[in-house]
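Below is upload32.txt, holding compact mmCIF, C-alpha atoms.
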```
# COMPACT_ATOMS: atom_id res chain seq x y z
CA MET A 620 -28.31 -10.54 -23.02
CA ALA A 621 -24.88 -11.86 -22.23
CA ALA A 622 -25.11 -10.48 -18.72
CA THR A 623 -28.46 -12.18 -18.12
CA TRP A 624 -27.12 -15.47 -19.34
CA ARG A 625 -24.06 -15.24 -17.15
CA GLN A 626 -26.03 -14.31 -14.07
CA ALA A 627 -28.33 -17.25 -14.64
CA ALA A 628 -25.28 -19.47 -14.91
CA VAL A 629 -23.95 -18.36 -11.53
CA ARG A 630 -25.19 -20.65 -8.75
CA ASP A 631 -24.25 -18.31 -5.98
CA PRO A 632 -25.09 -14.82 -7.25
CA PHE A 633 -24.42 -11.68 -5.24
CA ASP A 634 -27.48 -9.94 -3.77
CA LEU A 635 -26.35 -6.38 -4.36
CA ASP A 636 -29.14 -4.76 -2.33
CA ALA A 637 -28.47 -6.95 0.69
CA LEU A 638 -24.73 -6.27 0.39
CA ALA A 639 -25.39 -2.53 0.28
CA ARG A 640 -27.47 -2.83 3.47
CA VAL A 641 -24.76 -4.79 5.31
CA LEU A 642 -22.12 -2.23 4.34
CA ALA A 643 -24.23 0.87 5.05
CA GLY A 644 -22.25 3.14 7.34
CA SER A 645 -18.91 1.73 6.21
CA ARG A 646 -16.43 3.51 3.93
CA PHE A 647 -17.74 1.29 1.13
CA ALA A 648 -21.38 2.46 1.38
CA GLY A 649 -22.76 3.49 -1.98
CA LYS A 650 -19.49 2.62 -3.72
CA LEU A 651 -19.98 -1.01 -4.69
CA HIS A 652 -19.43 -1.68 -8.38
CA PHE A 653 -20.34 -5.13 -9.66
CA PHE A 654 -19.42 -6.57 -13.06
CA PRO A 655 -20.71 -9.87 -14.47
CA SER A 656 -17.43 -10.05 -16.36
CA ILE A 657 -14.36 -7.82 -16.41
CA ALA A 658 -10.77 -8.10 -17.65
CA SER A 659 -9.17 -7.36 -14.27
CA THR A 660 -10.75 -5.72 -11.23
CA ASN A 661 -7.34 -4.31 -10.24
CA SER A 662 -6.68 -2.71 -13.62
CA TYR A 663 -10.17 -1.23 -13.61
CA ALA A 664 -9.76 0.08 -10.07
CA MET A 665 -6.37 1.67 -10.86
CA GLN A 666 -7.89 3.45 -13.86
CA ALA A 667 -10.88 4.54 -11.80
CA ALA A 668 -8.48 5.84 -9.15
CA GLU A 669 -6.61 7.91 -11.76
CA ALA A 670 -9.97 9.29 -12.87
CA GLY A 671 -10.74 10.41 -9.31
CA ALA A 672 -12.89 7.60 -7.86
CA PRO A 673 -13.29 8.02 -4.09
CA ASP A 674 -11.79 6.12 -1.17
CA GLY A 675 -13.76 2.99 -0.40
CA SER A 676 -14.75 2.19 -4.00
CA VAL A 677 -15.12 -1.56 -4.45
CA TYR A 678 -14.94 -3.34 -7.80
CA PHE A 679 -15.96 -6.98 -7.90
CA ALA A 680 -16.94 -9.43 -10.57
CA ASP A 681 -18.36 -12.87 -11.23
CA GLU A 682 -15.59 -13.46 -13.75
CA GLN A 683 -12.21 -12.02 -14.71
CA THR A 684 -10.94 -12.69 -18.20
CA ASN A 685 -7.45 -11.40 -17.41
CA GLY A 686 -7.07 -11.71 -13.64
CA ARG A 687 -3.59 -10.67 -12.59
CA GLY A 688 -1.09 -11.86 -10.03
CA ARG A 689 2.40 -10.69 -9.27
CA GLY A 690 4.69 -10.12 -12.23
CA ALA A 691 3.55 -12.16 -15.20
CA HIS A 692 1.32 -14.41 -13.09
CA THR A 693 -2.37 -14.66 -13.88
CA TRP A 694 -5.22 -15.46 -11.53
CA GLU A 695 -7.59 -18.19 -12.71
CA SER A 696 -11.02 -16.54 -12.35
CA ALA A 697 -13.78 -18.87 -13.54
CA VAL A 698 -17.37 -17.61 -13.66
CA GLY A 699 -19.03 -17.50 -10.24
CA ALA A 700 -16.40 -19.76 -8.67
CA GLY A 701 -14.53 -17.23 -6.60
CA LEU A 702 -14.31 -13.81 -5.10
CA TYR A 703 -12.62 -11.35 -7.44
CA VAL A 704 -12.54 -7.99 -5.75
CA SER A 705 -10.43 -4.83 -5.74
CA VAL A 706 -10.71 -2.15 -3.12
CA LEU A 707 -9.61 1.42 -3.78
CA LEU A 708 -8.24 3.23 -0.74
CA ARG A 709 -6.89 6.71 -0.25
CA PRO A 710 -5.39 6.33 3.20
CA GLN A 711 -3.33 9.09 4.84
CA LEU A 712 -0.13 7.09 4.97
CA ALA A 713 3.47 7.44 3.93
CA PRO A 714 4.40 4.81 1.29
CA THR A 715 6.70 3.15 3.79
CA ASP A 716 3.71 2.63 6.06
CA ALA A 717 1.58 1.58 3.09
CA LEU A 718 3.54 -1.67 3.08
CA TRP A 719 1.51 -2.61 6.14
CA LEU A 720 -1.59 -2.61 3.94
CA SER A 721 -0.22 -5.62 2.13
CA LEU A 722 0.24 -7.61 5.33
CA ALA A 723 -3.02 -6.33 6.83
CA ALA A 724 -4.95 -7.44 3.75
CA GLY A 725 -3.82 -11.02 4.30
CA LEU A 726 -4.93 -10.85 7.91
CA ALA A 727 -8.30 -9.41 6.83
CA GLY A 728 -8.77 -12.34 4.46
CA GLN A 729 -7.85 -14.81 7.16
CA SER A 730 -10.28 -13.19 9.58
CA ALA A 731 -13.11 -13.15 7.01
CA VAL A 732 -12.72 -16.84 6.25
CA ARG A 733 -12.63 -17.62 9.96
CA GLN A 734 -15.84 -15.63 10.59
CA VAL A 735 -17.78 -17.29 7.78
CA THR A 736 -16.42 -20.85 7.80
CA SER A 737 -14.70 -21.25 11.20
CA LEU A 738 -11.69 -22.55 9.23
CA GLU A 739 -8.20 -21.77 10.49
CA THR A 740 -6.13 -20.91 7.45
CA ASP A 741 -2.39 -20.48 7.18
CA LEU A 742 -0.77 -17.23 6.05
CA ARG A 743 2.30 -17.45 3.84
CA TRP A 744 4.32 -14.24 4.00
CA PRO A 745 3.48 -11.69 2.85
CA ASN A 746 -0.21 -12.43 2.35
CA ASP A 747 -1.08 -15.71 0.62
CA LEU A 748 -3.81 -17.70 2.35
CA LEU A 749 -3.33 -21.45 2.40
CA LEU A 750 -5.31 -24.48 3.42
CA GLY A 751 -2.79 -27.19 4.12
CA LYS A 752 -0.01 -26.63 1.60
CA ARG A 753 -2.23 -25.20 -1.13
CA LYS A 754 -3.13 -21.60 -1.81
CA PHE A 755 -6.75 -20.51 -2.10
CA CYS A 756 -6.44 -16.76 -1.78
CA GLY A 757 -3.97 -14.33 -3.35
CA ILE A 758 -3.56 -10.61 -2.87
CA LEU A 759 -1.91 -8.03 -5.11
CA THR A 760 -1.65 -4.41 -4.02
CA GLU A 761 -0.88 -1.54 -6.36
CA LEU A 762 0.14 1.83 -5.06
CA ASN A 763 0.46 5.31 -6.44
CA ALA A 764 2.23 7.92 -4.34
CA ASP A 765 2.73 11.65 -4.60
CA PRO A 766 6.39 12.19 -5.49
CA SER A 767 6.64 15.76 -4.23
CA PHE A 768 9.39 16.38 -1.74
CA ARG A 769 9.31 18.22 1.54
CA HIS A 770 11.41 18.63 4.66
CA ALA A 771 14.83 19.63 3.37
CA GLY A 772 15.29 16.99 0.75
CA ALA A 773 13.98 14.03 2.72
CA PRO A 774 11.34 12.29 0.67
CA VAL A 775 8.01 12.52 2.46
CA ILE A 776 5.56 11.04 0.11
CA GLY A 777 1.90 10.51 0.65
CA VAL A 778 -0.09 7.65 -0.76
CA ARG A 779 -2.49 8.99 -3.40
CA HIS A 780 -4.28 5.73 -3.90
CA ALA A 781 -3.80 2.07 -3.17
CA VAL A 782 -5.72 -0.74 -4.80
CA ILE A 783 -5.88 -4.03 -2.93
CA GLY A 784 -6.89 -6.87 -5.21
CA ILE A 785 -8.07 -10.12 -3.67
CA GLY A 786 -8.79 -13.37 -5.44
CA MET A 787 -10.32 -16.14 -3.38
CA ASN A 788 -11.18 -19.62 -4.63
CA VAL A 789 -14.57 -20.56 -3.20
CA HIS A 790 -16.57 -23.05 -5.27
CA GLN A 791 -13.95 -24.60 -7.57
CA THR A 792 -14.18 -28.37 -7.66
CA GLU A 793 -11.04 -28.81 -9.74
CA PHE A 794 -8.11 -26.92 -11.19
CA PRO A 795 -6.12 -27.24 -14.40
CA PRO A 796 -3.29 -29.77 -14.11
CA GLU A 797 -0.58 -27.11 -13.76
CA LEU A 798 -2.32 -25.66 -10.68
CA ARG A 799 -3.55 -28.83 -9.03
CA GLU A 800 -0.57 -29.21 -6.73
CA ILE A 801 -0.51 -25.61 -5.59
CA ALA A 802 -4.12 -24.38 -5.67
CA THR A 803 -7.22 -25.26 -3.71
CA SER A 804 -10.66 -23.83 -2.90
CA LEU A 805 -12.87 -23.65 0.16
CA HIS A 806 -15.13 -26.24 -1.52
CA LEU A 807 -12.30 -28.68 -2.19
CA GLU A 808 -11.13 -28.46 1.42
CA THR A 809 -14.52 -28.65 3.16
CA GLY A 810 -16.87 -30.28 0.66
CA ARG A 811 -19.22 -27.37 1.15
CA ASP A 812 -20.23 -24.31 -0.81
CA TRP A 813 -19.70 -21.17 1.23
CA PRO A 814 -21.65 -18.06 0.16
CA ARG A 815 -19.47 -15.54 -1.67
CA GLN A 816 -21.75 -12.78 -0.45
CA GLU A 817 -20.92 -13.44 3.19
CA LEU A 818 -17.23 -13.87 2.45
CA LEU A 819 -17.16 -10.55 0.60
CA ALA A 820 -19.03 -8.67 3.35
CA ALA A 821 -16.78 -10.13 6.06
CA LEU A 822 -13.68 -9.37 3.98
CA LEU A 823 -14.62 -5.73 3.46
CA GLN A 824 -15.50 -5.25 7.11
CA SER A 825 -12.21 -6.78 8.23
CA LEU A 826 -10.33 -4.66 5.73
CA GLU A 827 -12.02 -1.53 7.00
CA ASN A 828 -10.93 -2.34 10.56
CA GLU A 829 -7.34 -2.85 9.41
CA VAL A 830 -7.20 0.37 7.40
CA SER A 831 -8.77 2.42 10.18
CA ALA A 832 -6.26 1.05 12.69
CA LEU A 833 -3.37 1.85 10.34
CA THR A 834 -4.42 5.43 9.64
CA GLU A 835 -5.13 6.03 13.33
CA SER A 836 -1.67 4.95 14.45
CA SER A 837 0.54 3.11 12.01
CA GLU A 838 2.96 2.32 14.81
CA ARG A 839 0.38 0.63 17.00
CA ALA A 840 -1.22 -1.13 14.03
CA ALA A 841 2.19 -2.39 12.89
CA GLY A 842 2.80 -4.03 16.25
CA SER A 843 -0.58 -5.70 16.13
CA ILE A 844 -0.04 -6.89 12.55
CA CYS A 845 3.31 -8.47 13.43
CA ARG A 846 1.88 -10.19 16.50
CA ARG A 847 -1.08 -11.60 14.59
CA LEU A 848 1.16 -12.77 11.77
CA GLU A 849 3.38 -14.58 14.24
CA ALA A 850 0.30 -16.24 15.72
CA GLY A 851 -1.56 -16.98 12.51
CA SER A 852 1.21 -18.23 10.26
CA THR A 853 3.46 -21.28 10.31
CA TRP A 854 5.79 -19.49 7.88
CA ILE A 855 7.21 -16.74 10.07
CA ARG A 856 9.53 -18.89 12.17
CA ARG A 857 11.37 -22.17 11.85
CA LYS A 858 10.11 -22.87 8.34
CA ARG A 859 12.60 -24.13 5.81
CA VAL A 860 11.98 -22.02 2.73
CA ARG A 861 13.30 -21.17 -0.66
CA VAL A 862 13.00 -17.52 -1.73
CA GLU A 863 12.61 -16.76 -5.41
CA GLU A 864 13.80 -13.20 -5.64
CA ARG A 865 13.36 -12.54 -9.29
CA GLU A 866 10.76 -13.20 -11.93
CA ASP A 867 13.39 -14.54 -14.31
CA GLY A 868 14.30 -17.25 -11.79
CA GLU A 869 17.82 -15.92 -11.28
CA GLY A 870 19.22 -15.61 -7.82
CA GLY A 871 17.14 -16.76 -4.91
CA PHE A 872 18.27 -18.47 -1.73
CA ALA A 873 17.23 -21.03 0.85
CA GLY A 874 17.15 -20.94 4.62
CA VAL A 875 15.04 -21.06 7.73
CA THR A 876 12.60 -18.28 8.61
CA GLU A 877 13.46 -16.24 11.69
CA GLY A 878 10.61 -13.82 12.32
CA LEU A 879 9.82 -10.37 10.98
CA ASP A 880 11.89 -7.22 11.22
CA ALA A 881 10.46 -3.91 12.46
CA ARG A 882 9.14 -3.08 9.00
CA GLY A 883 7.36 -6.41 8.60
CA PHE A 884 9.93 -7.95 6.26
CA LEU A 885 10.60 -11.66 6.62
CA ARG A 886 14.01 -12.69 7.91
CA VAL A 887 15.61 -15.87 6.69
CA ARG A 888 18.69 -17.47 8.24
CA THR A 889 20.94 -18.75 5.46
CA PRO A 890 24.39 -20.37 5.62
CA GLU A 891 25.77 -16.95 4.59
CA GLY A 892 23.92 -15.05 7.30
CA LEU A 893 20.58 -13.44 7.99
CA ARG A 894 18.78 -12.24 4.87
CA THR A 895 15.79 -9.95 4.65
CA VAL A 896 13.13 -10.78 2.08
CA LEU A 897 11.84 -7.60 0.47
CA SER A 898 9.75 -9.22 -2.20
CA GLY A 899 9.56 -12.39 -4.16
CA GLY A 900 7.97 -15.74 -3.67
CA VAL A 901 8.53 -17.71 -0.47
CA ARG A 902 8.09 -21.44 -0.98
CA GLU A 903 8.56 -24.48 1.20
CA ALA A 904 12.03 -25.94 0.66
CA MET B 1360 36.10 -1.90 -7.70
CA LYS B 1361 34.94 -1.48 -11.26
CA ALA B 1362 35.02 1.90 -12.87
CA GLU B 1363 31.25 2.16 -13.11
CA GLU B 1364 30.90 1.19 -9.49
CA THR B 1365 33.32 3.91 -8.49
CA GLN B 1366 31.29 6.33 -10.54
CA GLU B 1367 28.07 5.16 -8.95
CA LEU B 1368 29.55 5.53 -5.50
CA LYS B 1369 30.64 9.04 -6.29
CA GLU B 1370 27.16 9.92 -7.44
CA LEU B 1371 25.72 8.38 -4.34
CA ILE B 1372 27.99 10.44 -2.11
CA GLU B 1373 27.01 13.56 -4.01
CA PHE B 1374 23.39 12.72 -3.45
CA LEU B 1375 23.88 12.08 0.26
CA LYS B 1376 25.79 15.33 0.58
CA GLU B 1377 23.15 17.35 -1.18
CA ASN B 1378 20.45 15.95 1.02
CA LYS B 1379 22.44 16.08 4.23
CA ILE B 1380 21.84 12.44 4.93
CA GLY B 1381 23.96 11.49 7.90
CA GLU B 1382 24.24 7.77 7.46
CA PHE B 1383 23.72 5.35 4.61
CA GLU B 1384 24.05 1.62 4.18
CA LEU B 1385 23.73 -0.34 0.98
CA GLU B 1386 23.94 -4.04 0.31
CA ARG B 1387 23.91 -5.22 -3.25
CA GLY B 1388 24.99 -8.82 -3.67
CA ASP B 1389 28.65 -8.91 -2.70
CA LEU B 1390 28.93 -5.18 -2.49
CA LYS B 1391 28.52 -3.53 0.86
CA VAL B 1392 28.80 0.19 1.38
CA ARG B 1393 28.45 2.06 4.60
CA ILE B 1394 28.85 5.79 4.69
CA ARG B 1395 28.60 7.93 7.78
CA PHE B 1396 29.09 11.62 8.06
CA VAL B 1397 30.43 12.86 11.36
CA GLY B 1398 29.67 16.33 12.60
CA GLU B 1399 27.09 18.84 11.63
CA GLY B 1400 26.47 20.80 8.51
CA ALA B 1401 27.64 19.85 5.09
CA PRO B 1402 30.06 16.96 5.13
CA ASP B 1403 33.35 17.33 3.39
CA LEU B 1404 33.90 14.30 1.28
CA SER B 1405 36.48 15.66 -1.04
CA HIS B 1406 38.94 13.23 0.55
CA LEU B 1407 36.94 10.20 -0.35
CA ALA B 1408 36.07 11.57 -3.75
CA HIS B 1409 39.80 12.04 -4.33
CA LEU B 1410 40.56 8.59 -3.13
CA LEU B 1411 38.03 7.10 -5.51
CA ALA B 1412 39.15 9.24 -8.39
CA SER B 1413 42.74 8.14 -7.94
CA GLN B 1414 41.87 4.46 -8.00
CA ALA B 1415 42.93 2.87 -11.22
CA PRO B 1416 39.71 1.82 -12.90
CA ALA B 1417 41.18 -1.54 -13.79
CA ALA B 1418 38.57 -3.63 -15.52
CA SER B 1419 38.86 -6.64 -13.27
CA PRO B 1420 38.32 -9.93 -15.02
CA VAL B 1421 37.33 -11.63 -11.77
CA ILE B 1422 34.19 -11.07 -9.77
CA PRO B 1423 34.62 -7.79 -7.94
CA ALA B 1424 35.78 -8.52 -4.44
CA ALA B 1425 33.45 -7.47 -1.71
CA ILE B 1426 34.24 -4.02 -0.49
CA PRO B 1427 34.39 -4.56 3.24
CA ALA B 1428 33.11 -1.11 4.03
CA VAL B 1429 33.72 2.41 2.98
CA HIS B 1430 33.89 4.50 6.07
CA ALA B 1431 33.80 8.12 5.23
CA SER B 1432 34.11 9.95 8.46
CA ALA B 1433 35.08 13.48 7.77
CA ALA B 1434 34.86 16.23 10.29
CA ALA B 1435 32.81 19.05 8.91
CA PRO B 1436 34.61 22.24 8.17
CA SER B 1437 33.06 25.44 9.47
CA ALA B 1438 29.42 25.26 8.46
CA GLN B 1439 29.28 26.08 4.81
CA PRO B 1440 25.81 25.49 3.46
CA PRO B 1441 26.00 23.42 0.31
CA ALA B 1442 25.33 25.42 -2.80
CA ASP B 1443 21.91 24.19 -3.82
CA ALA B 1444 22.19 25.63 -7.29
CA SER B 1445 25.36 23.71 -8.04
CA GLU B 1446 26.78 23.11 -11.46
CA ASP B 1447 24.71 19.93 -11.56
CA ALA B 1448 21.43 21.77 -11.13
CA SER B 1449 20.34 20.57 -14.55
CA LEU B 1450 20.57 16.94 -13.40
CA HIS B 1451 17.65 15.89 -11.30
CA ILE B 1452 17.68 12.62 -9.38
CA VAL B 1453 14.49 10.57 -9.00
CA LYS B 1454 14.71 8.61 -5.76
CA SER B 1455 12.91 5.56 -4.49
CA PRO B 1456 10.26 6.41 -1.91
CA ILE B 1457 10.20 2.85 -0.69
CA VAL B 1458 12.35 -0.20 -0.06
CA GLY B 1459 11.87 -3.01 -2.56
CA THR B 1460 12.79 -4.53 -5.90
CA PHE B 1461 13.19 -2.28 -8.94
CA TYR B 1462 11.26 -3.24 -12.09
CA GLU B 1463 11.59 -1.32 -15.33
CA SER B 1464 8.35 -2.67 -16.82
CA PRO B 1465 4.83 -3.54 -15.63
CA SER B 1466 5.49 -7.26 -16.09
CA PRO B 1467 8.42 -9.38 -17.27
CA GLY B 1468 8.80 -9.22 -21.02
CA SER B 1469 6.75 -6.08 -21.50
CA PRO B 1470 8.40 -2.84 -22.65
CA ALA B 1471 10.08 -0.61 -20.07
CA PHE B 1472 8.09 2.34 -18.72
CA ALA B 1473 10.94 4.65 -19.69
CA LYS B 1474 14.41 4.33 -21.19
CA ILE B 1475 17.50 6.46 -21.49
CA GLY B 1476 16.96 9.29 -23.93
CA ASP B 1477 13.21 9.44 -23.29
CA ARG B 1478 11.64 12.75 -22.47
CA VAL B 1479 9.36 12.34 -19.49
CA GLU B 1480 6.79 14.56 -17.89
CA THR B 1481 6.10 15.20 -14.23
CA GLY B 1482 3.77 12.48 -12.99
CA GLN B 1483 4.80 9.96 -15.64
CA VAL B 1484 5.42 6.45 -14.28
CA LEU B 1485 9.13 5.58 -14.62
CA CYS B 1486 9.27 2.17 -12.95
CA ILE B 1487 7.81 -0.04 -10.27
CA VAL B 1488 9.38 -0.79 -6.91
CA GLU B 1489 7.86 -3.88 -5.37
CA ALA B 1490 7.91 -4.97 -1.76
CA MET B 1491 5.65 -7.51 -0.08
CA LYS B 1492 3.60 -7.93 -3.25
CA LEU B 1493 2.86 -4.24 -3.19
CA MET B 1494 3.64 -2.73 -6.56
CA ASN B 1495 4.59 0.91 -6.15
CA GLU B 1496 4.39 3.00 -9.30
CA ILE B 1497 7.22 5.50 -9.16
CA GLU B 1498 6.40 8.74 -10.92
CA SER B 1499 8.82 11.32 -12.16
CA ASP B 1500 8.80 14.40 -9.97
CA ALA B 1501 10.23 16.51 -12.73
CA ALA B 1502 10.08 16.93 -16.49
CA GLY B 1503 13.15 16.28 -18.55
CA GLU B 1504 15.27 13.79 -20.44
CA ILE B 1505 16.40 10.57 -18.82
CA VAL B 1506 20.18 10.57 -19.05
CA LYS B 1507 20.93 7.72 -16.69
CA ARG B 1508 19.31 4.79 -14.99
CA LEU B 1509 21.14 4.13 -11.75
CA VAL B 1510 19.83 0.65 -10.93
CA GLN B 1511 19.39 -2.67 -12.71
CA ASN B 1512 16.11 -4.40 -13.43
CA GLY B 1513 15.33 -6.78 -10.56
CA GLN B 1514 17.78 -5.09 -8.18
CA PRO B 1515 16.85 -4.41 -4.55
CA VAL B 1516 16.71 -0.69 -3.75
CA GLU B 1517 16.72 1.18 -0.48
CA TYR B 1518 14.54 4.03 0.69
CA GLY B 1519 15.81 7.22 -0.90
CA GLN B 1520 18.13 5.43 -3.34
CA PRO B 1521 18.68 7.30 -6.64
CA LEU B 1522 16.90 5.57 -9.53
CA PHE B 1523 17.12 7.90 -12.52
CA ALA B 1524 19.02 11.04 -13.45
CA LEU B 1525 17.06 13.54 -15.54
CA ARG B 1526 18.31 16.54 -17.44
CA ILE B 1527 15.73 19.14 -16.60
CA SER B 1528 14.37 20.94 -19.61
```
Representation of the structure as structure tokens:
Amino acid sequence: MAATWRQAAVRDPFDLDALARVLAGSRFAGKLHFFPSIASTNSYAMQAAEAGAPDGSVYFADEQTNGRGRGAHTWESAVGAGLYVSVLLRPQLAPTDALWLSLAAGLAGQSAVRQVTSLETDLRWPNDLLLGKRKFCGILTELNADPSFRHAGAPVIGVRHAVIGIGMNVHQTEFPPELREIATSLHLETGRDWPRQELLAALLQSLENEVSALTESSERAAGSICRRLEAGSTWIRRKRVRVEEREDGEGGFAGVTEGLDARGFLRVRTPEGLRTVLSGGVREA
Amino acid sequence: MKAEETQELKELIEFLKENKIGEFELERGDLKVRIRFVGEGAPDLSHLAHLLASQAPAASPVIPAAIPAVHASAAAPSAQPPADASEDASLHIVKSPIVGTFYESPSPGSPAFAKIGDRVETGQVLCIVEAMKLMNEIESDAAGEIVKRLVQNGQPVEYGQPLFALRIS
């Protein structure tokens, strides 16, 4: 009963049959799992991965009751207002190369939004999508690798599974006060309601292209990712930023962005020299 | 250099030696270490190990001065393969497969995945190393007791950097 009520309450419901038709022939075919409500699509997908779910499994929901971000952050996931989706991949990649998945996922999101809405969005390293200064799409990737060692002690570790979780604000007309300055939605920016179905289909198709390119030749794909990031982001160069390195707020530094290194890490010129951002939040200074 | 840092450096050199890693650089706040082995075969680092051992482990009250660089360039003696089954065979080192930030728990404030004294199984998650918002679950590749954690929570780690020492059992 609860599910029926919720579905009725959603203005922009997914048409699961139509989605299955659009994605027929892709790695996601026959592996779409929809939930009216779920705690966290990423947590579910990680558990499913442990239990042996196949590459290309997609878990998406109308509502998350415990949507997760990085560290202790949560992702506001109101009923029917956004895209809450996690994609399980089992790509043949070394974990070092798996880092490209994180950057590629941001580019896939940017491409999907462009295809459906014609909007040019900004990418904040590593993979936040912004409209103006506000974020409307966040991505969290979780990875599990095989820790067996080969080649005379050098760690060569294969990715067992990666789960890319994407939260995109679509229909929200307002946000709680604590998010108002930093969050936005496609509706708030354009005054229109864009169909989640089309956004999801475009997102999955873009993601498939990115993953295929990476597993074909991670070297070639890496070059392409870096070039597209340079072109599609105002944050990669000449942006004055503050980097929050740690969850507890300790440390951190400020400087001006100076491109990406060969591994895709952001470089920031500080008074003390060039720093490489491995992780952490990059914010406008 | 603080005593524990000297100890850590010694362990690091042991690790590099065992794995025949030719070159290693580490930056950790003010501390910079660069180690390069010259020549082929097993490097002979007994010199450096001696040097470190002889340093008075004075507990410095001031912030440890930046170590400009430790250059360990030792010509290899006639190729002597390192004894794999060394006296430390019972200690197994779990290394980071990825560059990133070390986290002991799934989220700030939650209990650590594993702590010193814990018995862990092969495949058990010991920590997370995060880079670019990619959370990498690091599993133990051996079963045993955790006797040492070699990095601090929130610390940046390099590819191949030792994270935990296990006593295999």
*For chain B against chain A, which residues fall within 10 Å using only C-alpha atoms, given as a ChimeraX atom specification?*
/B:1375,1377-1380,1388,1453-1460,1462,1464-1469,1481-1482,1484,1487-1501,1512-1516,1518-1519
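Coordinates place CA of Val789 (chain A) at a distance of 6.8 Å from CA of Trp813 (chain A).
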*Could you pull the residues within 8 Å of region 1505-1510 of chain B, counting only C-alpha atoms, minus those fewer than 5 positions along the same chain, as number ranges by chain?*
B: 1367, 1461, 1474-1479, 1516, 1521-1526
*Could you work out how far CA of Ala724 (chain A) lies from CA of Leu833 (chain A), giving the answer in Å with one decimal?*
11.5 Å
Taking all atoms of region 804-814 of chain A that the file lists, what box with edges along x, y and z, padded by 4 Å per side, do you get, with centre and edge lengths in Å to one decimal, as JSON?
```
{"center_x": -16.2, "center_y": -24.2, "center_z": 0.1, "size_x": 19.0, "size_y": 20.2, "size_z": 14.1}
```
